[in-house]
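I have placed the structure first, in the form of structure tokens, so that the comments after it can refer back to it.
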Amino acid sequence: MLNLIKQNSVKFINFRFTDMFGSWYHKTYKADSSKIELILANEIPIESSFAAGRNAYENIILLPDLTTAFLDPFCAQATLVILCDAMDKDGKEYKYDSRSIAKRAHKYMLSTSIADQARFNSEMQFHIFDDVKYHTSKCSSYFKLDLIGENNSNKKQYDEINELKDTMTHSNDQLHDIRSEILEMMSEVGIKPLSHYLQGVSKCGVEFECEEFLRSADNIQKFKYVVRNVANSYGKTTTFMPFPIKGCERNSMRCSQSLWKNNENLFFNQNGKTSETCLYYIGGIIKHGQAINAFAHPTTNSYADHSYSGYFFADFTQATTKIPHNGKVCDAIANPYLCFTAQLMAGLDGIKNKIHPDEALDEQSESESMGLSTVAQSLQSALDALNHDKEFLLQGNAFTEEQINEYIIAKKGEIKDKELAIHPVEFANYYNL
């Protein structure tokens with residue numbers, strides 16, 4: 001690590017930590033600090049403050065994972081970034097550290113002897129806009145988006161571009177160069193990109209190569225950082241919100257998943273077809289689908305469109321199994337550490353208890369016949385499902401009950417914030433009655 005610092009004339013080292021909501025926090029040290037060798041060896045704690053629960057500040061200690069180091073291509077001064085886990089001031093794992101949750105889930109997987117590796121690859125979708133304005137207060141509430149190259153008065157142009165989508169040529173695709181630069185910067189920070197495409201007006205998609213479970217979640221965090229910085233360099237703004245535009249398709253994070261043991265893909269049998277292990281994994285995903293919603297669709301905006309439904313299918317083009325639940329698996333805005341962990345733990349539970357997809361779907365059919373929804377229709381219903389179906393997440397202490405309870409409380413606060421807000425549509429409907 002010290003050689004890397006010297007070879008690249010690194011001036012600063014930036015230590016980053018992910019909270020329960022997927023936000024990055026950081027602290028930066030001078031690379032020539034007399035303490036830096038001891039810090040990198042975890043012999044001197046990196047003390048930092050953190051907005052716990054987005055309210056009160058708490059002091060935490062960051063533990064750098066040197067295997068995650070990358071040179072930041074966006075800093076004016078040569079800066080090395082290192083992702084960190086976190087501990088509280090008493091030396092215990094910090095309850096708001098989502099990366100540690102993913103690490104414990106991986107450790108639990110190893111303890112079951114089911115697999116020695118989980119691999120995930122992702123396809124991320126997001127919107128790029130010319131500008132955004134939004135505001136909420138007691139007497140004002142609005143948002144305004146400026147679409148890329150779109151005349152707001154020309155609905156025909158908007159519809160035509162949406163119909164063409166990813167088949168548009170470069171001359172008609174005003175975001176092509178931005179996406180290409182995003183892929184170049186992904187490579188700079190250690191992510192292996194596969195492709196990019198235009199999904200509609202202002203909407204883009206990028207696909208990554210398959211990576212080990214924890215590394216894949218790390219890559220999602222790095223990817224979001226890259227997208228925001230590249231867009232900003234072009235004078236644009238970007239969002240991973242599920243539905244930033246009324247009637248648009250969801251900004252999703254499509255996940256392909258597979259379990260491996262001794263370098264063999266457990267989701268195939270000897271005949272090259274879907275194995276029982278794979279089916280049980282899918283069964284676990286289906287059984288715990290509503291609880292997974294709390295992490296895969298974690299915002300009130302996630303439920304602006306109720307057209308999704310539960311289903312699964314196998315895709316062997318990359319020797320993995322895609323398991324889309326509730327339409328397109330996860331929202332791009334989701335915290336990857338929590339979202340991936342919830343899916344992995346559900347899949348492992350399915351394997352342990354031999355939950356066949358047919359049985360899980362039969363349970364869903366019974367629920368539907370009783371008038372009960374088999375997929376969460378709101379963030380509140382997802383949180384209720386998580387509260388009643390969390391035992392599979394507690395295995396191996398991947399999640400703690402306190403973490404789940406704190407998460408539910410925080411998310412209910414977001415629901416309350418929205419419920420208490422006066423919506424502009426209410427003025428349109430009722431002001432002059």
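Ordering of the structure tokens sets the chain letters (A, B, ...); residue numbers start at 1 within each chain; ligands are numbered from 1 in the order shown.
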*For Phe15 (chain A), list every protein, DNA or RNA residue within 12 Å, evaluated using only C-alpha atoms, and leave out those in the same chain fewer than 6 positions away; present the list as a PyMOL selection string.*
chain A and resi 24-31+36+39-40+45-48+61-66+68-72+79-86
Output C-alpha atoms for every residue in that selection, as a PDB file, in the first residue's frame.
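Okay, part-v6.pdb is ready:
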ATOM      1  CA  TRP A  24     -21.229   7.549   1.753  1.00  0.00           C
ATOM      2  CA  TYR A  25     -19.465   9.421   4.566  1.00  0.00           C
ATOM      3  CA  HIS A  26     -15.754  10.150   4.516  1.00  0.00           C
ATOM      4  CA  LYS A  27     -12.708  11.517   6.277  1.00  0.00           C
ATOM      5  CA  THR A  28      -9.459  12.559   4.564  1.00  0.00           C
ATOM      6  CA  TYR A  29      -5.862  12.405   5.841  1.00  0.00           C
ATOM      7  CA  LYS A  30      -2.674  13.826   4.374  1.00  0.00           C
ATOM      8  CA  ALA A  31      -0.750  10.924   2.858  1.00  0.00           C
ATOM      9  CA  ILE A  36      -0.513   7.106   8.119  1.00  0.00           C
ATOM     10  CA  ILE A  39      -3.571   4.029  10.432  1.00  0.00           C
ATOM     11  CA  LEU A  40      -3.272   1.677   7.455  1.00  0.00           C
ATOM     12  CA  PRO A  45      -8.150   4.397  15.017  1.00  0.00           C
ATOM     13  CA  ILE A  46      -9.682   6.751  12.470  1.00  0.00           C
ATOM     14  CA  GLU A  47     -12.149   8.677  14.571  1.00  0.00           C
ATOM     15  CA  SER A  48     -14.992  10.349  12.750  1.00  0.00           C
ATOM     16  CA  ILE A  61     -13.984   4.357  14.396  1.00  0.00           C
ATOM     17  CA  LEU A  62     -13.281   3.438  10.759  1.00  0.00           C
ATOM     18  CA  LEU A  63     -11.454   0.209   9.860  1.00  0.00           C
ATOM     19  CA  PRO A  64      -9.911   0.467   6.360  1.00  0.00           C
ATOM     20  CA  ASP A  65     -10.185  -2.515   4.008  1.00  0.00           C
ATOM     21  CA  LEU A  66      -6.968  -2.111   2.009  1.00  0.00           C
ATOM     22  CA  THR A  68     -10.722  -1.831  -1.785  1.00  0.00           C
ATOM     23  CA  ALA A  69      -8.198   0.962  -2.485  1.00  0.00           C
ATOM     24  CA  PHE A  70      -8.506   2.925  -5.730  1.00  0.00           C
ATOM     25  CA  LEU A  71      -7.208   6.238  -7.070  1.00  0.00           C
ATOM     26  CA  ASP A  72      -9.959   8.842  -7.283  1.00  0.00           C
ATOM     27  CA  THR A  79      -6.214  10.977  -3.701  1.00  0.00           C
ATOM     28  CA  LEU A  80      -6.395   7.314  -2.732  1.00  0.00           C
ATOM     29  CA  VAL A  81      -9.834   6.086  -1.626  1.00  0.00           C
ATOM     30  CA  ILE A  82     -10.216   3.189   0.813  1.00  0.00           C
ATOM     31  CA  LEU A  83     -13.585   1.727   1.826  1.00  0.00           C
ATOM     32  CA  CYS A  84     -14.046   1.048   5.515  1.00  0.00           C
ATOM     33  CA  ASP A  85     -16.048  -0.909   8.043  1.00  0.00           C
ATOM     34  CA  ALA A  86     -16.993   0.836  11.272  1.00  0.00           C
TER      35      ALA A  86
END
*Which of region 79-272 of chain A fall in alpha helix (DSSP H), as number ranges by chain*: A: 98-112, 155-164, 176-188, 213-233
*Where in region 183-338 of chain A does DSSP assign strand (DSSP E), given as a ChimeraX atom specification?*
/A:193-200,203-208,211-212,237-239,252-261,264-265,321-322,330-331
Grab the residues selected above and save them as a compact mmCIF listing (two decimals), in the first residue's frame with N, CA and C atoms.
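Writing the result to out02.txt gives the following:
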# COMPACT_ATOMS: atom_id res chain seq x y z
N PRO A 193 -16.86 -2.84 -16.52
CA PRO A 193 -18.12 -2.59 -17.22
C PRO A 193 -18.28 -3.50 -18.43
N LEU A 194 -19.53 -3.75 -18.81
CA LEU A 194 -19.82 -4.55 -20.00
C LEU A 194 -20.40 -3.71 -21.13
N SER A 195 -21.43 -2.93 -20.84
CA SER A 195 -22.11 -2.20 -21.91
C SER A 195 -22.90 -1.03 -21.33
N HIS A 196 -23.32 -0.13 -22.24
CA HIS A 196 -24.23 0.94 -21.83
C HIS A 196 -25.27 1.14 -22.91
N TYR A 197 -26.40 1.74 -22.55
CA TYR A 197 -27.48 1.93 -23.52
C TYR A 197 -28.39 3.08 -23.06
N LEU A 198 -29.17 3.60 -24.01
CA LEU A 198 -30.19 4.61 -23.72
C LEU A 198 -31.52 3.89 -23.53
N GLN A 199 -32.20 4.18 -22.44
CA GLN A 199 -33.46 3.50 -22.13
C GLN A 199 -34.68 4.36 -22.49
N GLY A 200 -34.48 5.63 -22.72
CA GLY A 200 -35.57 6.55 -23.03
C GLY A 200 -35.08 7.97 -22.81
N LYS A 203 -32.95 8.69 -19.71
CA LYS A 203 -32.72 7.48 -18.92
C LYS A 203 -31.64 6.61 -19.55
N CYS A 204 -30.71 6.14 -18.70
CA CYS A 204 -29.56 5.35 -19.17
C CYS A 204 -29.46 4.04 -18.40
N GLY A 205 -28.72 3.10 -18.98
CA GLY A 205 -28.44 1.83 -18.32
C GLY A 205 -27.00 1.42 -18.54
N VAL A 206 -26.41 0.78 -17.52
CA VAL A 206 -25.03 0.29 -17.59
C VAL A 206 -25.00 -1.09 -16.96
N GLU A 207 -24.30 -2.02 -17.61
CA GLU A 207 -24.18 -3.39 -17.11
C GLU A 207 -22.74 -3.67 -16.71
N PHE A 208 -22.57 -4.37 -15.57
CA PHE A 208 -21.23 -4.71 -15.07
C PHE A 208 -20.96 -6.20 -15.27
N GLU A 211 -19.14 -10.27 -10.13
CA GLU A 211 -18.12 -10.16 -9.09
C GLU A 211 -18.57 -10.90 -7.84
N GLU A 212 -17.62 -11.14 -6.96
CA GLU A 212 -17.93 -11.73 -5.65
C GLU A 212 -18.89 -10.82 -4.90
N THR A 237 -27.20 16.84 -14.03
CA THR A 237 -27.52 16.27 -12.72
C THR A 237 -28.12 14.89 -12.93
N THR A 238 -27.93 13.99 -11.98
CA THR A 238 -28.39 12.61 -12.16
C THR A 238 -29.10 12.11 -10.91
N THR A 239 -29.99 11.14 -11.09
CA THR A 239 -30.69 10.54 -9.96
C THR A 239 -30.92 9.05 -10.19
N SER A 252 -34.08 0.59 -12.20
CA SER A 252 -33.89 -0.66 -11.48
C SER A 252 -32.42 -1.05 -11.36
N MET A 253 -32.17 -1.95 -10.44
CA MET A 253 -30.87 -2.60 -10.30
C MET A 253 -31.13 -4.09 -10.49
N ARG A 254 -30.91 -4.55 -11.70
CA ARG A 254 -31.17 -5.95 -12.01
C ARG A 254 -29.98 -6.80 -11.57
N CYS A 255 -30.25 -7.82 -10.79
CA CYS A 255 -29.17 -8.63 -10.21
C CYS A 255 -29.19 -10.05 -10.78
N SER A 256 -28.04 -10.51 -11.24
CA SER A 256 -27.86 -11.93 -11.55
C SER A 256 -27.05 -12.54 -10.42
N GLN A 257 -27.49 -13.67 -9.91
CA GLN A 257 -26.87 -14.25 -8.72
C GLN A 257 -26.53 -15.71 -8.95
N SER A 258 -25.46 -16.16 -8.33
CA SER A 258 -25.11 -17.58 -8.38
C SER A 258 -24.29 -17.94 -7.16
N LEU A 259 -24.42 -19.19 -6.72
CA LEU A 259 -23.61 -19.73 -5.63
C LEU A 259 -22.61 -20.72 -6.22
N TRP A 260 -21.40 -20.71 -5.67
CA TRP A 260 -20.32 -21.56 -6.17
C TRP A 260 -19.67 -22.32 -5.03
N LYS A 261 -19.16 -23.52 -5.36
CA LYS A 261 -18.38 -24.30 -4.40
C LYS A 261 -17.32 -25.07 -5.16
N GLU A 264 -17.35 -24.62 -8.85
CA GLU A 264 -18.48 -25.15 -9.62
C GLU A 264 -19.73 -24.36 -9.30
N ASN A 265 -20.49 -24.02 -10.34
CA ASN A 265 -21.73 -23.27 -10.18
C ASN A 265 -22.81 -24.21 -9.66
N THR A 321 -28.05 -17.23 -12.40
CA THR A 321 -29.50 -17.27 -12.42
C THR A 321 -30.05 -15.92 -12.03
N LYS A 322 -30.86 -15.35 -12.88
CA LYS A 322 -31.51 -14.09 -12.57
C LYS A 322 -32.78 -14.40 -11.79
N CYS A 330 -34.57 -5.00 -7.83
CA CYS A 330 -34.29 -3.96 -6.85
C CYS A 330 -34.35 -2.59 -7.51
N ASP A 331 -34.57 -1.59 -6.68
CA ASP A 331 -34.44 -0.22 -7.16
C ASP A 331 -32.97 0.15 -7.18
*Considering only C-alpha atoms, state which residue in the set A:Met124, A:Ile114, A:Val10, A:Val425 is at the smallest distance from Lys352 (chain A).*
A:Ile114
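CA of Asp19 (chain A) is positioned 5.8 Å from CA of Ser98 (chain A).
When only C-alpha atoms are used to measure the gap to Thr112 (chain A), the shortest distance among A:Asp349, A:Glu181, A:Asp389, A:Glu188 belongs to A:Asp349.
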*Fewer than 5 positions away in the same chain doesn't count, so skip those; otherwise give me all residues within 8 Å of region 224-236 of chain A, counting only C-alpha atoms, as a list in words.*
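Non-adjacent residues within range: Phe74, Ile128, Phe129, Asp130, Asp131, Ile178, Glu181, Ile182, Met185 and Met186 of chain A.
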Output of the above residues as a PDB file, in the first residue's frame, restricted to C-alpha atoms:
ATOM      1  CA  PHE A  74     -12.145  13.167  -9.927  1.00  0.00           C
ATOM      2  CA  ILE A 128     -29.583  12.310 -16.329  1.00  0.00           C
ATOM      3  CA  PHE A 129     -31.193  15.759 -16.486  1.00  0.00           C
ATOM      4  CA  ASP A 130     -30.091  19.188 -17.636  1.00  0.00           C
ATOM      5  CA  ASP A 131     -31.226  20.581 -14.289  1.00  0.00           C
ATOM      6  CA  ILE A 178     -21.507  10.786 -21.172  1.00  0.00           C
ATOM      7  CA  GLU A 181     -17.045   8.324 -20.225  1.00  0.00           C
ATOM      8  CA  ILE A 182     -18.857   6.716 -17.289  1.00  0.00           C
ATOM      9  CA  MET A 185     -14.156   6.048 -15.289  1.00  0.00           C
ATOM     10  CA  MET A 186     -15.622   2.772 -13.987  1.00  0.00           C
TER      11      MET A 186
END
_All residues 8 Å or closer to region 354-357 of chain A, only C-alpha atoms, same chain fewer than 3 positions away omitted, as a ChimeraX atom specification_ = /A:279-284,286,350-351,360-361
Prev. selection, C-alpha atoms, output as a PDB file, in the first residue's frame:
ATOM      1  CA  LEU A 279     -34.774 -23.877  -7.282  1.00  0.00           C
ATOM      2  CA  TYR A 280     -34.608 -23.864  -3.486  1.00  0.00           C
ATOM      3  CA  TYR A 281     -32.722 -20.557  -3.601  1.00  0.00           C
ATOM      4  CA  ILE A 282     -35.494 -19.114  -5.764  1.00  0.00           C
ATOM      5  CA  GLY A 283     -38.088 -20.582  -3.405  1.00  0.00           C
ATOM      6  CA  GLY A 284     -36.519 -18.705  -0.507  1.00  0.00           C
ATOM      7  CA  ILE A 286     -40.269 -15.926  -3.283  1.00  0.00           C
ATOM      8  CA  GLY A 350     -34.683 -21.618   0.876  1.00  0.00           C
ATOM      9  CA  ILE A 351     -31.826 -24.098   0.399  1.00  0.00           C
ATOM     10  CA  ALA A 360     -43.806 -20.833  -2.302  1.00  0.00           C
ATOM     11  CA  LEU A 361     -46.033 -19.867  -5.227  1.00  0.00           C
TER      12      LEU A 361
END
*So, counting only C-alpha atoms, which residue among A:Ala291, A:Val132, A:Leu145, A:Leu266 is closest to Leu338 (chain A)?*
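Under the stated criterion, the closest residue is A:Ala291.
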*State, in Å with one decimal place, the distance from CA of Thr341 (chain A) to CA of Ala102 (chain A).*
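Distance reported for this atom pair: 5.5 Å.
From CA of Glu249 (chain A) back to CA of Lys287 (chain A), the distance works out to 25.9 Å.
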